[in-house]
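Note sheet for the following structure.
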Amino acid sequence: MVAPKVILVTQARIGSSRFPEKVLQKLGDSTLLGVHLKRLKKSVMAQTLMVATTHEPKSDQIAAIAQHEGVSFYHGSTDDVLDRFYQAVVEHQPDYVVRVTSDCPLIDASLIDEVIGMTITNRLDYGANVLVEQFPDGQDVEVFTFAALEKAWREATLTSDREHVTPYIRKNTDFNGGTMFKAMNFSPPENYNKVRMTVDEPSDLETVAVLIRELGTDCDWKTYTQYILEHHDVLKNQDIIRNEGYLKSLNQDTHE
């Protein structure tokens with residue numbers, strides 16, 4: 001039996017309303033994006049890794065970091081991220097696409113592989129650990145068939161659906177009462193929803209810098225989570241609202 005073709009795509013851009021150029025920020029002896037890519041390369045189930053970036057000024061610096069890590073890259077739409085994802089992978093014709101975001105420098109490749117495995121084993125159109133948000137913010141993994149991505153690319157019209165790639169798929173899964181896509185959630189042993197290790201604001205970067213200084217860049221998600229839980233009071237970012245960018249896009253939908 002031939003193994004399914006899996007491509008892992010991380011989105012990275014220069015612009016950010018809350019923290020411009022965050023992916024270029026220094027973390028230890030690397031950058032936020034560099035740490036992120038080094039961790040992604042440990043995935044054993046994804047045969048190809050790609051950075052989907054934009055045509056913004058300075059996006060060549062993102063491409064340079066990708067090249068330094070031996071990772072391919074694609075320049076696409078700034079706002080229509082769904083189109084950027086589709087155009088980045090269409091020539092590869094993968095069976096499955098994995099979506100992560102570059103503001104999650106400590107994403108765990110073993111967790112990614114577990115979600116990929118669940119999706120393939122259960123013949124899902126969409127498998128993720130975000131249908132029920134119980135993993136720490138910064139460990140979000142979504143896996144979907146290329147066919148599901150292509151259907152969303154052709155049919156999605158809302159701003160929030162285009163800016164955030166997968167809402168159209170999620171809303172139309174059997175998990176959420178839809179009929180288009182078969183889906184399943186990958187859940188942790190406990191609810192870690194309040195734990196934050198993503199980078200949307202400068203205080204987030206400070207927390208990740210502490211984690212790397214104290215624990216290094218090679219720990220699993222559980223080790224970083226435990227450190228945050230034990231030092232919650234001194235980490236200034238732990239009360240920031242989760243998914244603020246998506247909520248902003250939903251608000252934009254209502255004004256279109």
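Residue numbers start at 1 in each chain; chains themselves are named A, B, ... in the order of the structure tokens; ligands are numbered from 1 in the order shown.
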
I want to know what sits within 7 Å of His36 (chain A), based on only C-alpha atoms, with residues of the same chain fewer than 4 positions away left out; could you give that as a PDB file with all heavy atoms, in the first residue's frame?
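around12.pdb written:
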```pdb
ATOM      1  N   LEU A  32      11.902  33.555  15.388  1.00  0.00           N
ATOM      2  CA  LEU A  32      10.650  32.861  15.671  1.00  0.00           C
ATOM      3  C   LEU A  32      10.336  31.860  14.564  1.00  0.00           C
ATOM      4  O   LEU A  32      10.015  30.700  14.832  1.00  0.00           O
ATOM      5  CB  LEU A  32       9.522  33.883  15.822  1.00  0.00           C
ATOM      6  CG  LEU A  32       8.162  33.395  16.336  1.00  0.00           C
ATOM      7  CD1 LEU A  32       7.427  34.541  17.020  1.00  0.00           C
ATOM      8  CD2 LEU A  32       7.294  32.824  15.233  1.00  0.00           C
ATOM      9  N   LEU A  40       9.079  21.828  12.976  1.00  0.00           N
ATOM     10  CA  LEU A  40       8.220  21.191  11.982  1.00  0.00           C
ATOM     11  C   LEU A  40       8.957  20.094  11.214  1.00  0.00           C
ATOM     12  O   LEU A  40       8.357  19.078  10.835  1.00  0.00           O
ATOM     13  CB  LEU A  40       7.689  22.226  10.982  1.00  0.00           C
ATOM     14  CG  LEU A  40       6.677  23.246  11.490  1.00  0.00           C
ATOM     15  CD1 LEU A  40       6.230  24.143  10.342  1.00  0.00           C
ATOM     16  CD2 LEU A  40       5.464  22.563  12.125  1.00  0.00           C
ATOM     17  N   SER A 102       2.752  30.131  11.640  1.00  0.00           N
ATOM     18  CA  SER A 102       4.118  30.412  12.087  1.00  0.00           C
ATOM     19  C   SER A 102       4.171  31.195  13.392  1.00  0.00           C
ATOM     20  O   SER A 102       5.253  31.381  13.947  1.00  0.00           O
ATOM     21  CB  SER A 102       4.877  31.177  11.007  1.00  0.00           C
ATOM     22  OG  SER A 102       4.217  32.398  10.713  1.00  0.00           O
ATOM     23  N   CYS A 104       3.177  30.031  15.994  1.00  0.00           N
ATOM     24  CA  CYS A 104       3.250  28.945  16.980  1.00  0.00           C
ATOM     25  C   CYS A 104       4.646  28.324  16.930  1.00  0.00           C
ATOM     26  O   CYS A 104       4.840  27.223  16.392  1.00  0.00           O
ATOM     27  CB  CYS A 104       2.196  27.885  16.689  1.00  0.00           C
ATOM     28  SG  CYS A 104       0.510  28.509  16.687  1.00  0.00           S
ATOM     29  N   PRO A 105       5.664  29.015  17.468  1.00  0.00           N
ATOM     30  CA  PRO A 105       7.041  28.532  17.323  1.00  0.00           C
ATOM     31  C   PRO A 105       7.304  27.212  18.019  1.00  0.00           C
ATOM     32  O   PRO A 105       8.206  26.474  17.613  1.00  0.00           O
ATOM     33  CB  PRO A 105       7.880  29.662  17.946  1.00  0.00           C
ATOM     34  CG  PRO A 105       6.943  30.368  18.869  1.00  0.00           C
ATOM     35  CD  PRO A 105       5.607  30.298  18.208  1.00  0.00           C
ATOM     36  N   LEU A 106       6.524  26.869  19.052  1.00  0.00           N
ATOM     37  CA  LEU A 106       6.780  25.651  19.817  1.00  0.00           C
ATOM     38  C   LEU A 106       5.815  24.521  19.462  1.00  0.00           C
ATOM     39  O   LEU A 106       5.622  23.590  20.236  1.00  0.00           O
ATOM     40  CB  LEU A 106       6.724  25.961  21.319  1.00  0.00           C
ATOM     41  CG  LEU A 106       7.753  26.996  21.793  1.00  0.00           C
ATOM     42  CD1 LEU A 106       7.602  27.270  23.281  1.00  0.00           C
ATOM     43  CD2 LEU A 106       9.178  26.538  21.474  1.00  0.00           C
ATOM     44  N   ILE A 107       5.231  24.597  18.278  1.00  0.00           N
ATOM     45  CA  ILE A 107       4.356  23.526  17.794  1.00  0.00           C
ATOM     46  C   ILE A 107       5.104  22.196  17.849  1.00  0.00           C
ATOM     47  O   ILE A 107       6.300  22.126  17.553  1.00  0.00           O
ATOM     48  CB  ILE A 107       3.875  23.845  16.358  1.00  0.00           C
ATOM     49  CG1 ILE A 107       2.790  22.886  15.889  1.00  0.00           C
ATOM     50  CG2 ILE A 107       5.017  23.866  15.372  1.00  0.00           C
ATOM     51  CD1 ILE A 107       1.432  23.198  16.394  1.00  0.00           C
TER      52      ILE A 107
END
```

For Ala52 (chain A): contacts at 8 Å, only C-alpha atoms, fewer than 3 positions along chain excluded, given as a list in words: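 With the cut-off at 8 Å, the set is Val9, Thr10, Gln11, Ala12, Phe73, Tyr74, His75, Gly76, Arg84, Phe85 and Ala88 of chain A.
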
Just the selected residues (C-alpha atoms), exported as a PDB file, in the first residue's frame, please.
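Wrote it out as part.pdb, contents follow:
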```pdb
ATOM      1  CA  VAL A   9       2.071  24.098   5.105  1.00  0.00           C
ATOM      2  CA  THR A  10       2.751  26.898   7.545  1.00  0.00           C
ATOM      3  CA  GLN A  11       1.527  30.408   6.812  1.00  0.00           C
ATOM      4  CA  ALA A  12       3.853  33.322   7.542  1.00  0.00           C
ATOM      5  CA  PHE A  73       8.205  28.559   0.014  1.00  0.00           C
ATOM      6  CA  TYR A  74       5.409  30.131  -1.984  1.00  0.00           C
ATOM      7  CA  HIS A  75       4.408  33.795  -2.325  1.00  0.00           C
ATOM      8  CA  GLY A  76       0.652  34.360  -2.558  1.00  0.00           C
ATOM      9  CA  ARG A  84      -2.594  31.196  -0.896  1.00  0.00           C
ATOM     10  CA  PHE A  85      -2.835  27.692   0.577  1.00  0.00           C
ATOM     11  CA  ALA A  88       0.882  26.682  -2.793  1.00  0.00           C
TER      12      ALA A  88
END
```

Test item, strand (DSSP E) assignment across region 11-195 of chain A, answer as a VMD selection string: chain A and resid 11 26 to 27 30 to 31 48 to 54 72 to 76 96 to 101 126 to 128 142 to 145 183 to 185

Sorted by chain and rising residue number, list the residues of region 65-114 of chain A at most 10 Å from region 121-140 of chain A (counting only C-alpha atoms), each with its closest atom pair and distance in Å to one decimal, as a tab-separated table.
```
residue	atom	partner	partner_atom	distance
A:Tyr96	CA	A:Asp125	CA	8.8
A:Val97	CA	A:Tyr126	CA	9.7
A:Val98	CA	A:Ala128	CA	9.4
A:Arg99	CA	A:Asp140	CA	8.6
A:Val100	CA	A:Asp140	CA	6.6
A:Thr101	CA	A:Asp140	CA	8.1
A:Ser102	CA	A:Gly138	CA	9.4
A:Asp103	CA	A:Gly138	CA	7.4
A:Cys104	CA	A:Gly138	CA	4.7
A:Pro105	CA	A:Gly138	CA	7.6
A:Leu106	CA	A:Gly138	CA	7.0
A:Ile107	CA	A:Gln139	CA	5.0
A:Asp108	CA	A:Gln139	CA	6.8
A:Ala109	CA	A:Gln139	CA	9.6
A:Leu111	CA	A:Gln139	CA	8.1
A:Ile112	CA	A:Asp140	CA	8.7
A:Glu114	CA	A:Ala128	CA	9.8
```
